[in-house]
$ cat query-v2.txt   # compact mmCIF, C-alpha atoms
# COMPACT_ATOMS: atom_id res chain seq x y z
CA MET G 50 -9.96 29.47 4.36
CA ASN G 51 -11.24 28.18 0.99
CA THR G 52 -10.89 24.61 -0.30
CA LEU G 53 -7.78 25.40 -2.38
CA GLU G 54 -5.99 26.86 0.65
CA LYS G 55 -6.97 23.86 2.76
CA LEU G 56 -5.70 21.50 0.04
CA LYS G 57 -2.41 23.41 -0.23
CA GLU G 58 -1.99 23.13 3.54
CA MET G 59 -2.66 19.39 3.33
CA PHE G 60 -0.19 18.96 0.42
CA SER G 61 2.64 20.67 2.28
CA LYS G 62 1.95 18.56 5.37
CA VAL G 63 1.66 15.20 3.62
CA PHE G 64 4.20 15.65 0.82
CA ASP G 65 6.66 17.40 3.13
CA GLY G 66 8.96 19.46 0.92
CA ASP G 67 8.38 17.36 -2.22
CA ILE G 68 5.75 19.83 -3.34
CA ASP G 69 6.00 23.61 -3.28
CA ALA G 70 2.42 24.24 -2.18
CA SER G 71 2.69 28.01 -2.71
CA ASN G 72 2.77 27.45 -6.50
CA VAL G 73 -0.27 25.15 -6.52
CA THR G 74 -3.28 26.50 -8.39
CA GLU G 75 -6.52 24.97 -9.63
CA THR G 76 -4.88 24.19 -13.00
CA THR G 77 -1.91 22.35 -11.46
CA ARG G 78 -1.83 18.77 -12.75
CA LEU G 79 -1.44 16.13 -10.04
CA LYS G 80 0.71 13.62 -11.93
CA GLU G 81 2.58 15.76 -14.43
CA ASP G 82 3.19 18.92 -12.35
CA LEU G 83 3.24 17.60 -8.79
CA GLY G 84 4.76 14.25 -9.78
CA LEU G 85 2.31 12.16 -7.77
CA ASN G 86 2.71 8.43 -8.47
CA SER G 87 -0.02 5.84 -7.86
CA ILE G 88 0.76 5.44 -4.16
CA ALA G 89 0.91 9.23 -3.66
CA MET G 90 -2.48 9.52 -5.42
CA LEU G 91 -3.94 6.92 -3.06
CA TYR G 92 -2.46 8.68 -0.07
CA MET G 93 -3.86 11.99 -1.30
CA ALA G 94 -7.32 10.40 -1.57
CA ILE G 95 -7.00 9.03 1.97
CA ALA G 96 -5.82 12.41 3.28
CA VAL G 97 -8.72 14.21 1.53
CA GLU G 98 -11.16 11.68 3.01
CA GLU G 99 -9.67 12.29 6.45
CA LYS G 100 -9.75 16.12 6.15
CA PHE G 101 -12.91 16.74 4.15
CA GLY G 102 -14.88 13.50 4.55
CA THR G 103 -15.02 13.10 0.75
CA LYS G 104 -14.88 9.51 -0.50
CA PHE G 105 -13.19 8.81 -3.83
CA SER G 106 -14.27 5.98 -6.12
CA ASN G 107 -12.12 4.35 -8.82
CA ASN G 108 -14.21 6.22 -11.41
CA ASP G 109 -13.30 9.53 -9.77
CA PHE G 110 -9.61 8.79 -10.30
CA GLU G 111 -10.22 8.63 -14.05
CA LYS G 112 -11.73 12.13 -13.93
CA ILE G 113 -9.36 13.81 -11.49
CA HIS G 114 -6.32 15.18 -13.28
CA THR G 115 -5.87 18.62 -11.71
CA VAL G 116 -6.13 20.24 -8.29
CA GLY G 117 -9.28 21.95 -9.62
CA ASP G 118 -10.87 18.54 -10.32
CA CYS G 119 -10.04 17.51 -6.77
CA ILE G 120 -11.70 20.67 -5.43
CA ALA G 121 -14.76 19.97 -7.61
CA LYS G 122 -14.99 16.49 -6.09
CA ILE G 123 -14.71 17.87 -2.55
CA GLU G 124 -17.34 20.49 -3.26
CA GLY G 125 -19.60 17.94 -5.00
CA ARG G 126 -19.28 19.54 -8.44
CA LEU G 127 -17.38 16.73 -10.23
CA LYS G 128 -19.38 15.34 -13.14
CA MET X 233 -16.48 -17.07 -18.33
CA GLN X 234 -13.33 -18.66 -16.86
CA GLY X 235 -12.40 -15.31 -15.36
CA ARG X 236 -15.85 -14.97 -13.77
CA ILE X 237 -15.67 -18.44 -12.18
CA ARG X 238 -12.16 -17.72 -10.88
CA SER X 239 -13.33 -14.36 -9.56
CA LEU X 240 -16.32 -15.99 -7.78
CA LEU X 241 -14.14 -18.72 -6.29
CA LEU X 242 -11.45 -16.37 -5.05
CA GLY X 243 -14.06 -13.90 -3.75
CA GLY X 244 -15.75 -16.74 -1.85
CA MET X 245 -12.42 -17.60 -0.27
CA GLY X 246 -12.14 -14.04 1.03
CA CYS X 247 -9.68 -12.70 -1.57
CA ILE X 248 -9.96 -9.00 -2.38
CA LYS X 249 -9.87 -8.18 -6.08
CA ILE X 250 -7.42 -5.41 -6.94
CA ASP X 251 -6.89 -3.72 -10.28
CA ARG X 252 -3.15 -3.15 -10.54
CA ASN X 253 -3.50 -0.93 -13.61
CA ILE X 254 -5.16 1.85 -11.62
CA SER X 255 -4.90 3.41 -8.14
CA ASP X 256 -7.54 1.02 -6.78
CA ILE X 257 -8.90 3.04 -3.84
CA GLU X 258 -11.95 0.77 -3.51
CA ALA X 259 -9.76 -2.33 -2.95
CA ILE X 260 -7.70 -0.34 -0.43
CA ARG X 261 -10.88 0.71 1.40
CA THR X 262 -12.21 -2.89 1.47
CA SER X 263 -8.86 -4.11 2.83
CA ILE X 264 -8.83 -1.45 5.56
CA LYS X 265 -12.41 -2.37 6.49
CA ARG X 266 -11.51 -6.07 6.80
CA LEU X 267 -8.47 -5.27 8.93
CA LYS X 268 -10.56 -3.04 11.20
CA GLN X 269 -12.93 -5.99 11.62
CA MET X 270 -9.87 -7.88 13.00
CA HIS X 271 -9.53 -10.14 9.94
CA LEU X 272 -6.08 -11.26 8.88
CA LEU X 273 -4.94 -10.07 5.49
CA THR X 274 -2.15 -11.66 3.46
CA VAL X 275 -0.39 -9.24 1.15
CA PHE X 276 2.54 -9.78 -1.18
CA PRO X 277 4.35 -6.48 -0.49
CA GLN X 278 6.20 -6.57 -3.82
CA GLY X 279 2.82 -6.32 -5.56
CA GLY X 280 2.54 -10.03 -6.43
CA ILE X 281 4.31 -13.37 -6.18
CA ILE X 282 7.86 -12.84 -7.39
CA GLU X 283 10.17 -15.58 -8.60
CA SER X 284 13.42 -14.05 -7.37
CA ASP X 285 14.63 -14.05 -3.77
CA ASP X 286 14.86 -10.24 -3.75
CA VAL X 287 12.83 -8.81 -0.87
CA SER X 288 13.95 -5.20 -1.28
CA SER X 289 11.24 -4.04 -3.74
CA VAL X 290 8.46 -3.48 -1.18
CA LYS X 291 5.68 -1.20 -2.44
CA SER X 292 4.14 1.33 -0.06
CA GLY X 293 0.52 0.15 -0.42
CA ILE X 294 0.87 -2.26 2.48
CA ILE X 295 2.11 0.60 4.68
CA LEU X 296 -1.02 2.64 3.86
CA LEU X 297 -3.17 -0.35 4.88
CA SER X 298 -1.37 -0.69 8.19
CA LEU X 299 -1.49 3.05 8.96
CA GLN X 300 -5.17 3.41 8.20
CA SER X 301 -6.32 0.25 9.95
CA GLY X 302 -3.90 0.23 12.86
CA ALA X 303 -3.00 -3.40 12.11
CA PRO X 304 0.67 -4.31 12.50
CA ILE X 305 2.52 -6.02 9.63
CA VAL X 306 4.04 -9.42 10.31
CA PRO X 307 6.87 -9.92 7.80
CA MET X 308 7.38 -13.42 6.45
CA TYR X 309 9.75 -15.20 4.12
CA ARG X 310 8.48 -18.17 2.16
CA ALA X 311 11.34 -20.37 1.05
CA LYS X 312 11.42 -21.74 -2.47
CA ARG X 313 10.57 -25.43 -2.86
CA ASN X 314 12.13 -27.68 -5.46
CA SER X 315 9.00 -29.81 -5.67
CA ILE X 316 5.45 -29.79 -4.29
CA TRP X 317 6.36 -32.80 -2.10
CA GLN X 318 8.94 -30.78 -0.22
CA ARG X 319 7.88 -29.25 3.11
CA GLN X 320 7.06 -25.54 2.86
CA VAL X 321 9.22 -23.46 5.18
CA VAL X 322 7.98 -20.04 6.30
CA VAL X 323 10.05 -17.73 8.50
CA ILE X 324 8.02 -15.26 10.59
CA GLY X 325 9.73 -12.01 11.55
CA GLU X 326 9.36 -9.18 14.02
CA PRO X 327 5.99 -7.35 13.59
CA LEU X 328 6.09 -3.75 12.40
CA ASP X 329 3.61 -1.37 14.06
CA CYS X 330 3.48 1.47 11.52
CA ILE X 331 1.46 3.94 13.64
CA GLN X 332 3.75 3.46 16.63
CA THR X 333 6.89 3.80 14.47
CA ALA X 334 5.64 6.89 12.59
CA GLY X 335 3.92 8.39 15.63
CA THR X 336 0.78 9.19 13.59
CA LYS X 337 -1.62 7.54 11.13
CA MET X 338 -1.03 10.39 8.65
CA PRO X 339 2.75 10.73 8.35
CA THR X 340 4.57 12.38 5.45
CA ILE X 341 5.20 10.47 2.21
CA HIS X 342 8.90 10.30 3.21
CA ASP X 343 7.98 8.53 6.45
CA ILE X 344 5.90 6.05 4.43
CA GLN X 345 8.94 5.33 2.24
CA LYS X 346 11.07 4.87 5.39
CA LEU X 347 8.50 2.38 6.75
CA SER X 348 8.65 0.47 3.43
CA CYS X 349 12.45 0.24 3.82
CA GLU X 350 12.03 -0.94 7.41
CA LEU X 351 9.61 -3.65 6.29
CA ALA X 352 12.02 -4.73 3.51
CA ALA X 353 14.81 -4.94 6.13
CA ARG X 354 12.65 -7.14 8.39
CA MET X 355 11.74 -9.40 5.46
CA ASP X 356 15.43 -9.61 4.62
CA ASP X 357 16.13 -10.65 8.23
CA CYS X 358 13.64 -13.51 7.79
CA LYS X 359 15.42 -14.58 4.61
CA LYS X 360 18.83 -14.42 6.33
CA THR X 361 17.49 -16.50 9.23
CA TYR X 362 16.33 -19.15 6.78
CA PHE X 363 19.66 -19.36 4.96
CA LYS X 364 21.58 -19.35 8.27
CA LYS X 365 19.52 -22.34 9.44
CA ILE X 366 20.00 -24.15 6.11
CA THR X 367 23.79 -23.62 6.23
CA HIS X 368 23.88 -24.76 9.86
CA LYS X 369 21.89 -27.90 8.98
CA GLU X 370 24.17 -28.70 6.02
CA GLN X 371 27.29 -28.28 8.17
CA LYS X 372 25.87 -30.67 10.76
CA GLN X 373 25.22 -33.38 8.14

$ encode --input "query-v2.txt" --output "structure tokens"
Amino acid sequence: MNTLEKLKEMFSKVFDGDIDASNVTETTRLKEDLGLNSIAMLYMAIAVEEKFGTKFSNNDFEKIHTVGDCIAKIEGRLK
Amino acid sequence: MQGRIRSLLLGGMGCIKIDRNISDIEAIRTSIKRLKQMHLLTVFPQGGIIESDDVSSVKSGIILLSLQSGAPIVPMYRAKRNSIWQRQVVVIGEPLDCIQTAGTKMPTIHDIQKLSCELAARMDDCKKTYFKKITHKEQKQ
């Protein structure tokens, strides 16, 4: 299972019906398309940390706008 | 300069700086760490000190802290004082164990919202207790 699939699985578990994970792609925007508010963003970061061991900083939040950015962070490619 | 002094003073007193304009994950992480170290943490669940008596607008950040640290939340109601010379009354409510209530430390976002509502209800109970006591006292006089 690749990172995107793992993230989609995590989204459907955590956001329970609020997000149709089957439509999530790397270009999906977290706030605009998935409707994540500030608390949901924090919870996503906590869930990612729990699942992948990736720690987010406040600076990362400024750079992460899409699911692809989140994958880049997990895979250590976020600049 | 004034801001730096204030920041140093508050930091020295154990306050955790939080930027409310962003999703401040670093402040959340520091808070979780302190709670795991068995420190007590005071949080204004509405996101700050509010002037009104409305306790319903609880934000979910406090629930995340409780879930990730395992610390229960003790709801409180701080009654308004008419002057600084008046005694401060605080009503302490029934603690809310978020992990026990949700059954997991990673529940769904809906469960987190439900926990926020539960906390608001417990804070409201504290407020009602206060006003019940005040009314009872007034009737006695």

$ closest_atom_pairs --input "query-v2.txt" --of "chain G" --to "chain X" --cutoff "8 Å" --atoms "only C-alpha atoms" --output "CSV"
residue,atom,partner,partner_atom,distance
G:Lys62,CA,X:Thr340,CA,6.7
G:Val63,CA,X:Thr340,CA,4.4
G:Phe64,CA,X:Ile341,CA,5.5
G:Asp65,CA,X:Thr340,CA,5.9
G:Ser87,CA,X:Ser255,CA,5.5
G:Ile88,CA,X:Gly293,CA,6.5
G:Ala89,CA,X:Ile341,CA,7.4
G:Met90,CA,X:Ser255,CA,7.1
G:Leu91,CA,X:Ser255,CA,6.2
G:Tyr92,CA,X:Leu296,CA,7.3
G:Ala94,CA,X:Ile257,CA,7.9
G:Ala96,CA,X:Met338,CA,7.5
G:Phe105,CA,X:Ile257,CA,7.2
G:Ser106,CA,X:Glu258,CA,6.3
G:Asn107,CA,X:Asp256,CA,6.0
G:Phe110,CA,X:Ser255,CA,7.5

$ atom_distance --input "query-v2.txt" --atom1 "atom CA of Pro277 of chain X" --atom2 "atom CA of Met308 of chain X"
10.3 Å

$ residues_around --input "query-v2.txt" --residues "Phe101 of chain G" --least-positions-apart "5" --cutoff "10 Å" --atoms "all atoms listed in the file" --output "ChimeraX atom specification"
/G:52,55-56,95-96,123-124

$ atom_distance --input "query-v2.txt" --atom1 "atom CA of Gly235 of chain X" --atom2 "atom CA of Ile248 of chain X"
14.6 Å

$ atom_distance --input "query-v2.txt" --atom1 "atom CA of Ile366 of chain X" --atom2 "atom CA of Arg313 of chain X"
13.1 Å

$ residues_near_point --input "query-v2.txt" --point "(-6.6, 25.5, 3.5)" --cutoff "12 Å" --atoms "all atoms listed in the file" --output "PyMOL selection string"
chain G and resi 50-62+70-71+73+97+100-101+120

$ write_last_selection --input "query-v2.txt" --atoms "C-alpha atoms" --output "PDB file, keeping the file's coordinate frame"
ATOM      1  CA  MET G  50      -9.960  29.470   4.360  1.00  0.00           C
ATOM      2  CA  ASN G  51     -11.240  28.180   0.990  1.00  0.00           C
ATOM      3  CA  THR G  52     -10.890  24.610  -0.300  1.00  0.00           C
ATOM      4  CA  LEU G  53      -7.780  25.400  -2.380  1.00  0.00           C
ATOM      5  CA  GLU G  54      -5.990  26.860   0.650  1.00  0.00           C
ATOM      6  CA  LYS G  55      -6.970  23.860   2.760  1.00  0.00           C
ATOM      7  CA  LEU G  56      -5.700  21.500   0.040  1.00  0.00           C
ATOM      8  CA  LYS G  57      -2.410  23.410  -0.230  1.00  0.00           C
ATOM      9  CA  GLU G  58      -1.990  23.130   3.540  1.00  0.00           C
ATOM     10  CA  MET G  59      -2.660  19.390   3.330  1.00  0.00           C
ATOM     11  CA  PHE G  60      -0.190  18.960   0.420  1.00  0.00           C
ATOM     12  CA  SER G  61       2.640  20.670   2.280  1.00  0.00           C
ATOM     13  CA  LYS G  62       1.950  18.560   5.370  1.00  0.00           C
ATOM     14  CA  ALA G  70       2.420  24.240  -2.180  1.00  0.00           C
ATOM     15  CA  SER G  71       2.690  28.010  -2.710  1.00  0.00           C
ATOM     16  CA  VAL G  73      -0.270  25.150  -6.520  1.00  0.00           C
ATOM     17  CA  VAL G  97      -8.720  14.210   1.530  1.00  0.00           C
ATOM     18  CA  LYS G 100      -9.750  16.120   6.150  1.00  0.00           C
ATOM     19  CA  PHE G 101     -12.910  16.740   4.150  1.00  0.00           C
ATOM     20  CA  ILE G 120     -11.700  20.670  -5.430  1.00  0.00           C
TER      21      ILE G 120
END

$ residues_around --input "query-v2.txt" --residues "Arg266 of chain X" --least-positions-apart "3" --cutoff "12 Å" --atoms "all atoms listed in the file" --output "ChimeraX atom specification"
/X:246-248,259-263,269-274,297-298,300-303

$ residues_around --input "query-v2.txt" --residues "Pro327 of chain X" --least-positions-apart "3" --cutoff "8 Å" --atoms "only C-alpha atoms" --output "PyMOL selection string"
chain X and resi 304-307

$ closest_residue --input "query-v2.txt" --among "G:Thr74, G:Lys80, G:Asn108, G:Thr103" --to "Lys122 of chain G" --atoms "all atoms listed in the file"
G:Thr103

$ axis_aligned_box --input "query-v2.txt" --around "segment 294-303 of chain X" --padding-each-side "4 Å" --output "AutoDock Vina command-line options"
--center_x -2.1 --center_y 0.0 --center_z 7.7 --size_x 16.4 --size_y 14.8 --size_z 18.4

$ decode --input "query-v2.txt" --residues "segment 62-78 of chain G" --atoms "N, CA and C atoms" --output "PDB file, in the first residue's frame"
ATOM      1  N   LYS G  62     -11.200   6.841   8.218  1.00  0.00           N
ATOM      2  CA  LYS G  62     -11.331   6.406   9.613  1.00  0.00           C
ATOM      3  C   LYS G  62     -11.574   7.611  10.532  1.00  0.00           C
ATOM      4  N   VAL G  63     -10.741   8.621  10.377  1.00  0.00           N
ATOM      5  CA  VAL G  63     -10.790   9.774  11.281  1.00  0.00           C
ATOM      6  C   VAL G  63     -11.960  10.713  10.957  1.00  0.00           C
ATOM      7  N   PHE G  64     -12.196  10.966   9.675  1.00  0.00           N
ATOM      8  CA  PHE G  64     -13.236  11.926   9.307  1.00  0.00           C
ATOM      9  C   PHE G  64     -14.568  11.247   8.981  1.00  0.00           C
ATOM     10  N   ASP G  65     -14.661   9.991   9.257  1.00  0.00           N
ATOM     11  CA  ASP G  65     -15.877   9.193   9.311  1.00  0.00           C
ATOM     12  C   ASP G  65     -17.073   9.723   8.494  1.00  0.00           C
ATOM     13  N   GLY G  66     -17.055   9.535   7.209  1.00  0.00           N
ATOM     14  CA  GLY G  66     -18.196   9.910   6.380  1.00  0.00           C
ATOM     15  C   GLY G  66     -18.200  11.367   5.934  1.00  0.00           C
ATOM     16  N   ASP G  67     -17.430  12.222   6.592  1.00  0.00           N
ATOM     17  CA  ASP G  67     -17.375  13.637   6.210  1.00  0.00           C
ATOM     18  C   ASP G  67     -16.598  13.792   4.900  1.00  0.00           C
ATOM     19  N   ILE G  68     -15.689  12.851   4.681  1.00  0.00           N
ATOM     20  CA  ILE G  68     -14.829  12.908   3.497  1.00  0.00           C
ATOM     21  C   ILE G  68     -15.007  11.639   2.683  1.00  0.00           C
ATOM     22  N   ASP G  69     -15.225  11.815   1.365  1.00  0.00           N
ATOM     23  CA  ASP G  69     -15.290  10.646   0.493  1.00  0.00           C
ATOM     24  C   ASP G  69     -13.852  10.339   0.057  1.00  0.00           C
ATOM     25  N   ALA G  70     -13.222   9.434   0.789  1.00  0.00           N
ATOM     26  CA  ALA G  70     -11.798   9.160   0.571  1.00  0.00           C
ATOM     27  C   ALA G  70     -11.503   8.595  -0.820  1.00  0.00           C
ATOM     28  N   SER G  71     -12.512   7.977  -1.457  1.00  0.00           N
ATOM     29  CA  SER G  71     -12.251   7.374  -2.776  1.00  0.00           C
ATOM     30  C   SER G  71     -11.925   8.443  -3.824  1.00  0.00           C
ATOM     31  N   ASN G  72     -12.411   9.680  -3.605  1.00  0.00           N
ATOM     32  CA  ASN G  72     -12.146  10.762  -4.565  1.00  0.00           C
ATOM     33  C   ASN G  72     -10.869  11.540  -4.263  1.00  0.00           C
ATOM     34  N   VAL G  73     -10.182  11.179  -3.176  1.00  0.00           N
ATOM     35  CA  VAL G  73      -8.987  11.937  -2.776  1.00  0.00           C
ATOM     36  C   VAL G  73      -7.798  11.584  -3.678  1.00  0.00           C
ATOM     37  N   THR G  74      -7.188  12.635  -4.224  1.00  0.00           N
ATOM     38  CA  THR G  74      -5.977  12.443  -5.036  1.00  0.00           C
ATOM     39  C   THR G  74      -4.876  13.351  -4.472  1.00  0.00           C
ATOM     40  N   GLU G  75      -3.723  13.304  -5.096  1.00  0.00           N
ATOM     41  CA  GLU G  75      -2.613  14.139  -4.597  1.00  0.00           C
ATOM     42  C   GLU G  75      -2.892  15.633  -4.763  1.00  0.00           C
ATOM     43  N   THR G  76      -3.784  15.989  -5.702  1.00  0.00           N
ATOM     44  CA  THR G  76      -4.064  17.421  -5.936  1.00  0.00           C
ATOM     45  C   THR G  76      -5.232  17.931  -5.075  1.00  0.00           C
ATOM     46  N   THR G  77      -5.871  17.045  -4.337  1.00  0.00           N
ATOM     47  CA  THR G  77      -6.994  17.459  -3.486  1.00  0.00           C
ATOM     48  C   THR G  77      -6.505  18.441  -2.427  1.00  0.00           C
ATOM     49  N   ARG G  78      -7.211  19.592  -2.342  1.00  0.00           N
ATOM     50  CA  ARG G  78      -6.826  20.614  -1.361  1.00  0.00           C
ATOM     51  C   ARG G  78      -7.488  20.320  -0.009  1.00  0.00           C
TER      52      ARG G  78
END
